[in-house]
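Data block for upload_39.pdb (PDB, C-alpha atoms):
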```pdb
ATOM      1  CA  MET A  28      96.012  72.968 116.343
ATOM      2  CA  GLU A  29      92.288  72.166 116.291
ATOM      3  CA  GLN A  30      91.505  75.879 115.824
ATOM      4  CA  ASN A  31      93.766  76.054 112.741
ATOM      5  CA  ILE A  32      91.996  73.085 111.169
ATOM      6  CA  ASN A  33      88.603  74.693 111.845
ATOM      7  CA  ASP A  34      89.779  78.034 110.410
ATOM      8  CA  ARG A  35      91.058  76.336 107.267
ATOM      9  CA  SER A  36      87.862  74.322 106.858
ATOM     10  CA  GLU A  37      85.795  77.466 107.388
ATOM     11  CA  LEU A  38      87.723  79.346 104.687
ATOM     12  CA  LEU A  39      87.399  76.411 102.294
ATOM     13  CA  GLN A  40      83.649  76.292 102.997
ATOM     14  CA  ARG A  41      83.346  80.015 102.210
ATOM     15  CA  ILE A  42      85.329  79.607  98.973
ATOM     16  CA  PHE A  43      83.122  76.641  98.065
ATOM     17  CA  ASP A  44      79.963  78.663  98.774
ATOM     18  CA  ASN A  45      81.288  81.597  96.753
ATOM     19  CA  THR A  46      82.121  79.359  93.790
ATOM     20  CA  ASN A  47      78.649  77.827  93.978
ATOM     21  CA  SER A  48      77.119  81.322  94.023
ATOM     22  CA  TRP A  49      78.959  82.162  90.808
ATOM     23  CA  LEU A  50      77.805  78.851  89.338
ATOM     24  CA  HIS A  51      74.158  79.630  90.160
ATOM     25  CA  PHE A  52      74.527  83.171  88.816
ATOM     26  CA  LEU A  53      75.885  81.917  85.497
ATOM     27  CA  GLU A  54      73.141  79.319  85.237
ATOM     28  CA  ALA A  55      70.624  82.131  85.706
ATOM     29  CA  LYS A  56      72.372  84.247  83.056
ATOM     30  CA  ASN A  57      72.277  81.400  80.536
ATOM     31  CA  GLY A  58      68.635  80.718  81.374
ATOM     32  CA  ALA A  59      67.819  84.392  80.866
ATOM     33  CA  MET A  60      69.666  84.339  77.536
ATOM     34  CA  ILE A  61      67.556  81.395  76.384
ATOM     35  CA  ALA A  62      64.360  83.183  77.454
ATOM     36  CA  PHE A  63      65.462  86.368  75.671
ATOM     37  CA  ASN A  64      66.185  84.488  72.449
ATOM     38  CA  VAL A  65      62.873  82.642  72.562
ATOM     39  CA  ALA A  66      61.046  85.938  73.156
ATOM     40  CA  MET A  67      62.922  87.620  70.287
ATOM     41  CA  ALA A  68      62.174  84.733  67.925
ATOM     42  CA  ALA A  69      58.490  84.759  68.915
ATOM     43  CA  PHE A  70      58.300  88.540  68.523
ATOM     44  CA  LEU A  71      59.925  88.440  65.098
ATOM     45  CA  ALA A  72      57.711  85.570  63.972
ATOM     46  CA  GLU A  73      54.595  87.547  64.943
ATOM     47  CA  THR A  74      55.637  90.873  63.421
ATOM     48  CA  SER A  75      56.548  91.952  59.956
ATOM     49  CA  VAL A  76      59.907  93.424  60.997
ATOM     50  CA  ALA A  77      62.003  90.937  59.051
ATOM     51  CA  GLU A  78      59.547  90.206  56.225
ATOM     52  CA  GLY A  79      61.198  92.541  53.725
ATOM     53  CA  CYS A  80      64.207  90.329  53.179
ATOM     54  CA  SER A  81      63.787  86.609  53.635
ATOM     55  CA  LEU A  82      67.563  86.041  53.577
ATOM     56  CA  LEU A  83      68.128  88.586  56.330
ATOM     57  CA  SER A  84      65.278  87.233  58.439
ATOM     58  CA  SER A  85      66.666  83.722  57.978
ATOM     59  CA  VAL A  86      70.080  84.903  59.183
ATOM     60  CA  ILE A  87      68.437  86.523  62.215
ATOM     61  CA  PHE A  88      66.474  83.383  63.115
ATOM     62  CA  ILE A  89      69.518  81.146  62.598
ATOM     63  CA  GLY A  90      71.532  83.456  64.850
ATOM     64  CA  LEU A  91      68.879  83.304  67.569
ATOM     65  CA  ILE A  92      68.773  79.519  67.325
ATOM     66  CA  MET A  93      72.575  79.322  67.496
ATOM     67  CA  SER A  94      72.610  81.571  70.541
ATOM     68  CA  MET A  95      69.944  79.435  72.228
ATOM     69  CA  ALA A  96      71.886  76.259  71.424
ATOM     70  CA  VAL A  97      75.089  77.643  72.950
ATOM     71  CA  SER A  98      73.244  78.755  76.091
ATOM     72  CA  MET A  99      71.550  75.380  76.340
ATOM     73  CA  TRP A 100      74.941  73.680  75.993
ATOM     74  CA  ALA A 101      75.895  75.363  79.273
ATOM     75  CA  PHE A 102      73.314  73.144  80.993
ATOM     76  CA  TYR A 103      74.707  69.918  79.542
ATOM     77  CA  PRO A 104      75.804  67.846  82.541
ATOM     78  CA  VAL A 105      79.519  67.399  83.081
ATOM     79  CA  ASN A 106      80.117  64.044  84.723
ATOM     80  CA  ASP A 107      83.797  63.646  83.913
ATOM     81  CA  SER A 108      86.490  65.748  85.469
ATOM     82  CA  MET A 109      87.227  68.783  83.367
ATOM     83  CA  LYS A 110      90.723  69.732  82.322
ATOM     84  CA  LYS A 111      92.372  72.684  83.970
ATOM     85  CA  THR A 112      92.296  75.937  82.067
ATOM     86  CA  SER A 113      95.121  78.288  81.267
ATOM     87  CA  GLY A 114      96.069  80.649  84.058
ATOM     88  CA  LYS A 115      96.008  83.675  81.752
ATOM     89  CA  ILE A 116      92.361  84.404  82.465
ATOM     90  CA  VAL A 117      92.755  86.513  85.607
ATOM     91  CA  THR A 118      95.423  87.502  88.070
ATOM     92  CA  ALA A 119      96.492  85.066  90.775
ATOM     93  CA  ASN A 120      93.445  85.476  93.020
ATOM     94  CA  LEU A 121      92.917  82.305  95.047
ATOM     95  CA  LEU A 122      89.286  83.275  95.654
ATOM     96  CA  HIS A 123      88.259  83.858  92.017
ATOM     97  CA  TYR A 124      86.723  80.925  90.155
ATOM     98  CA  ALA A 125      88.573  81.623  86.897
ATOM     99  CA  TYR A 126      91.969  81.416  88.573
ATOM    100  CA  ILE A 127      90.944  78.437  90.696
ATOM    101  CA  ALA A 128      89.947  76.605  87.495
ATOM    102  CA  SER A 129      93.546  76.871  86.280
ATOM    103  CA  LEU A 130      94.937  74.916  89.240
ATOM    104  CA  GLU A 131      95.083  71.288  90.313
ATOM    105  CA  ARG A 132      93.939  70.266  93.797
ATOM    106  CA  ASP A 133      97.318  69.918  95.494
ATOM    107  CA  GLN A 134      98.662  73.008  93.750
ATOM    108  CA  TYR A 135      95.658  74.989  95.000
ATOM    109  CA  LEU A 136      96.071  73.674  98.544
ATOM    110  CA  GLN A 137      99.764  74.577  98.570
ATOM    111  CA  LYS A 138      98.966  78.101  97.408
ATOM    112  CA  LEU A 139      96.249  78.464 100.068
ATOM    113  CA  TYR A 140      98.597  77.237 102.782
ATOM    114  CA  GLY A 141     101.323  79.609 101.624
ATOM    115  CA  ARG A 142      99.208  82.739 101.224
ATOM    116  CA  TYR A 143      96.578  82.490 103.953
ATOM    117  CA  TRP A 144      98.031  80.178 106.578
ATOM    118  CA  GLY A 145     101.743  81.019 106.302
ATOM    119  CA  GLU A 146     102.832  77.426 105.765
ATOM    120  CA  THR A 147     104.861  77.425 102.558
ATOM    121  CA  GLY A 148     106.366  74.222 101.220
ATOM    122  CA  LYS A 149     103.907  71.962 103.036
ATOM    123  CA  ASN A 150     104.178  68.283 102.098
ATOM    124  CA  ILE A 151     101.357  67.284  99.748
ATOM    125  CA  GLY A 152     100.762  64.051 101.645
ATOM    126  CA  SER A 153     100.074  65.893 104.897
ATOM    127  CA  PHE A 154      96.937  67.719 103.735
ATOM    128  CA  PRO A 155      93.875  66.525 105.689
ATOM    129  CA  GLN A 156      91.354  64.585 103.606
ATOM    130  CA  LEU A 157      88.583  67.104 104.332
ATOM    131  CA  GLU A 158      90.682  69.903 102.817
ATOM    132  CA  ARG A 159      91.513  67.758  99.782
ATOM    133  CA  ASP A 160      87.828  66.987  99.256
ATOM    134  CA  TYR A 161      86.839  70.639  99.586
ATOM    135  CA  CYS A 162      89.491  71.688  97.086
ATOM    136  CA  GLU A 163      88.459  68.959  94.641
ATOM    137  CA  GLU A 164      84.868  70.227  94.705
ATOM    138  CA  ILE A 165      85.895  73.882  94.577
ATOM    139  CA  ILE A 166      88.069  73.290  91.516
ATOM    140  CA  SER A 167      85.446  71.146  89.797
ATOM    141  CA  ASN A 168      82.737  73.780  90.328
ATOM    142  CA  ALA A 169      85.114  76.560  89.273
ATOM    143  CA  ARG A 170      85.772  74.774  85.969
ATOM    144  CA  ILE A 171      82.065  74.195  85.385
ATOM    145  CA  THR A 172      81.423  77.867  86.196
ATOM    146  CA  LEU A 173      84.079  78.945  83.722
ATOM    147  CA  ARG A 174      82.500  76.708  81.063
ATOM    148  CA  LYS A 175      79.105  78.304  81.691
ATOM    149  CA  GLN A 176      80.677  81.785  81.504
ATOM    150  CA  THR A 177      82.272  80.902  78.160
ATOM    151  CA  CYS A 178      78.927  79.673  76.803
ATOM    152  CA  PHE A 179      77.233  82.871  77.944
ATOM    153  CA  ASN A 180      79.934  85.046  76.354
ATOM    154  CA  ILE A 181      79.612  83.234  73.018
ATOM    155  CA  SER A 182      75.823  83.434  73.137
ATOM    156  CA  PHE A 183      75.954  87.129  73.997
ATOM    157  CA  PHE A 184      78.342  87.799  71.093
ATOM    158  CA  ILE A 185      76.000  85.975  68.698
ATOM    159  CA  ASP A 186      73.070  88.026  70.012
ATOM    160  CA  ILE A 187      74.954  91.278  69.409
ATOM    161  CA  ILE A 188      75.517  90.245  65.795
ATOM    162  CA  VAL A 189      71.843  89.269  65.488
ATOM    163  CA  MET A 190      70.790  92.669  66.860
ATOM    164  CA  VAL A 191      72.994  94.411  64.277
ATOM    165  CA  PHE A 192      71.305  92.430  61.506
ATOM    166  CA  LEU A 193      67.913  93.219  63.037
ATOM    167  CA  MET A 194      68.708  96.954  63.068
ATOM    168  CA  ILE A 195      69.833  96.728  59.445
ATOM    169  CA  SER A 196      66.568  95.039  58.509
ATOM    170  CA  ILE A 197      64.530  97.688  60.345
ATOM    171  CA  VAL A 198      66.430 100.697  59.005
ATOM    172  CA  PHE A 199      67.153  99.710  55.422
ATOM    173  CA  ILE A 200      64.364  97.377  54.426
TER     174      ILE A 200
END
```
So, in terms of structure tokens, how does the structure I just supplied come out?
Amino acid sequence: MEQNINDRSELLQRIFDNTNSWLHFLEAKNGAMIAFNVAMAAFLAETSVAEGCSLLSSVIFIGLIMSMAVSMWAFYPVNDSMKKTSGKIVTANLLHYAYIASLERDQYLQKLYGRYWGETGKNIGSFPQLERDYCEEIISNARITLRKQTCFNISFFIDIIVMVFLMISIVFI
């Protein structure tokens, strides 16, 4: 019995560590996006690339600022519990942060017990407190990670549009 509890806690610790790794990775991606946008804005301010059309250069700078703002929003602290997301993001992978973010704590624990420990239909009240706490943190970090991924995706999309406008200004003006 003690071995089963240790095995479950060990798996939950690994899932927690994996979710935290994704969280750190997405923080780094958003930080890199901010640095890229600052470098692009500084480069454009120092060169005459966008001088030919003040409207186009204004659109480019506004786009870079918007992209930076979205990436910076990813670092805004989340102190309240975040709502669960829709489960349509990824397939039912109990180890992937996007799917984990779509579940509630007890629902996640029941799925873990059913899939990995062969105990389907376990009573919610019988989950050990350590496992509940792990799952609460895993789900919270998964939702924060998903929020940071969404911010990065939006920022990246804005940057693609900015690069198109930059290419237009270089080629046609």
Check: Once the PyMOL selection byres ((chain A and resi 36) around 12) has been applied to the shown file, what residues remain in the selection, as a PyMOL selection string?
Finding: chain A and resi 29-35+37-43+136+139-140+144+154-162
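The closest residue to Phe183 (chain A), picked from A:Gly90, A:Gly141, A:Pro104, A:Gly152 and counting all atoms listed in the file, is A:Gly90.
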Run through the PyMOL selection byres ((chain A and resi 172) around 9) on the given coordinates and return the selected residues as a PDB file with C-alpha atoms, in the coordinates of the input.
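Here's the written file out.pdb:
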```
ATOM      1  CA  THR A  46      82.121  79.359  93.790  1.00  0.00           C
ATOM      2  CA  ASN A  47      78.649  77.827  93.978  1.00  0.00           C
ATOM      3  CA  TRP A  49      78.959  82.162  90.808  1.00  0.00           C
ATOM      4  CA  LEU A  50      77.805  78.851  89.338  1.00  0.00           C
ATOM      5  CA  HIS A  51      74.158  79.630  90.160  1.00  0.00           C
ATOM      6  CA  LEU A  53      75.885  81.917  85.497  1.00  0.00           C
ATOM      7  CA  GLU A  54      73.141  79.319  85.237  1.00  0.00           C
ATOM      8  CA  TYR A 124      86.723  80.925  90.155  1.00  0.00           C
ATOM      9  CA  ALA A 125      88.573  81.623  86.897  1.00  0.00           C
ATOM     10  CA  ALA A 128      89.947  76.605  87.495  1.00  0.00           C
ATOM     11  CA  SER A 167      85.446  71.146  89.797  1.00  0.00           C
ATOM     12  CA  ASN A 168      82.737  73.780  90.328  1.00  0.00           C
ATOM     13  CA  ALA A 169      85.114  76.560  89.273  1.00  0.00           C
ATOM     14  CA  ARG A 170      85.772  74.774  85.969  1.00  0.00           C
ATOM     15  CA  ILE A 171      82.065  74.195  85.385  1.00  0.00           C
ATOM     16  CA  LEU A 173      84.079  78.945  83.722  1.00  0.00           C
ATOM     17  CA  ARG A 174      82.500  76.708  81.063  1.00  0.00           C
ATOM     18  CA  LYS A 175      79.105  78.304  81.691  1.00  0.00           C
ATOM     19  CA  GLN A 176      80.677  81.785  81.504  1.00  0.00           C
ATOM     20  CA  THR A 177      82.272  80.902  78.160  1.00  0.00           C
TER      21      THR A 177
END
```
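With distances taken over all atoms listed in the file, A:Ala62 is the one residue among A:Ile166, A:Ala62, A:Ile195, A:Leu83 lying closest to Ala96 (chain A).
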Margin query: Counting all atoms listed in the file, find residues at most 9 Å from (74.0, 78.6, 71.3) (file frame) and give them as JSON, numbers by chain.
Written below: {"A": [61, 90, 91, 92, 93, 94, 95, 96, 97, 98, 99, 100, 101, 178, 179, 181, 182, 185]}
Residues just named, written with C-alpha atoms as an mmCIF file, in the coordinates of the input:
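Output below, filename selection_1.cif:
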```cif
data_model
loop_
_atom_site.group_PDB
_atom_site.id
_atom_site.type_symbol
_atom_site.label_atom_id
_atom_site.label_comp_id
_atom_site.auth_asym_id
_atom_site.auth_seq_id
_atom_site.Cartn_x
_atom_site.Cartn_y
_atom_site.Cartn_z
ATOM 1 C CA ILE A 61 67.556 81.395 76.384
ATOM 2 C CA GLY A 90 71.532 83.456 64.850
ATOM 3 C CA LEU A 91 68.879 83.304 67.569
ATOM 4 C CA ILE A 92 68.773 79.519 67.325
ATOM 5 C CA MET A 93 72.575 79.322 67.496
ATOM 6 C CA SER A 94 72.610 81.571 70.541
ATOM 7 C CA MET A 95 69.944 79.435 72.228
ATOM 8 C CA ALA A 96 71.886 76.259 71.424
ATOM 9 C CA VAL A 97 75.089 77.643 72.950
ATOM 10 C CA SER A 98 73.244 78.755 76.091
ATOM 11 C CA MET A 99 71.550 75.380 76.340
ATOM 12 C CA TRP A 100 74.941 73.680 75.993
ATOM 13 C CA ALA A 101 75.895 75.363 79.273
ATOM 14 C CA CYS A 178 78.927 79.673 76.803
ATOM 15 C CA PHE A 179 77.233 82.871 77.944
ATOM 16 C CA ILE A 181 79.612 83.234 73.018
ATOM 17 C CA SER A 182 75.823 83.434 73.137
ATOM 18 C CA ILE A 185 76.000 85.975 68.698
#
```
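Computed from the coordinates, the CA of Gln134 (chain A) to CA of Leu122 (chain A) distance equals 14.0 Å.
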Item checked: Atom pair CA of Ser84 (chain A) / CA of Ala68 (chain A): separation (Å) -> 10.3 Å
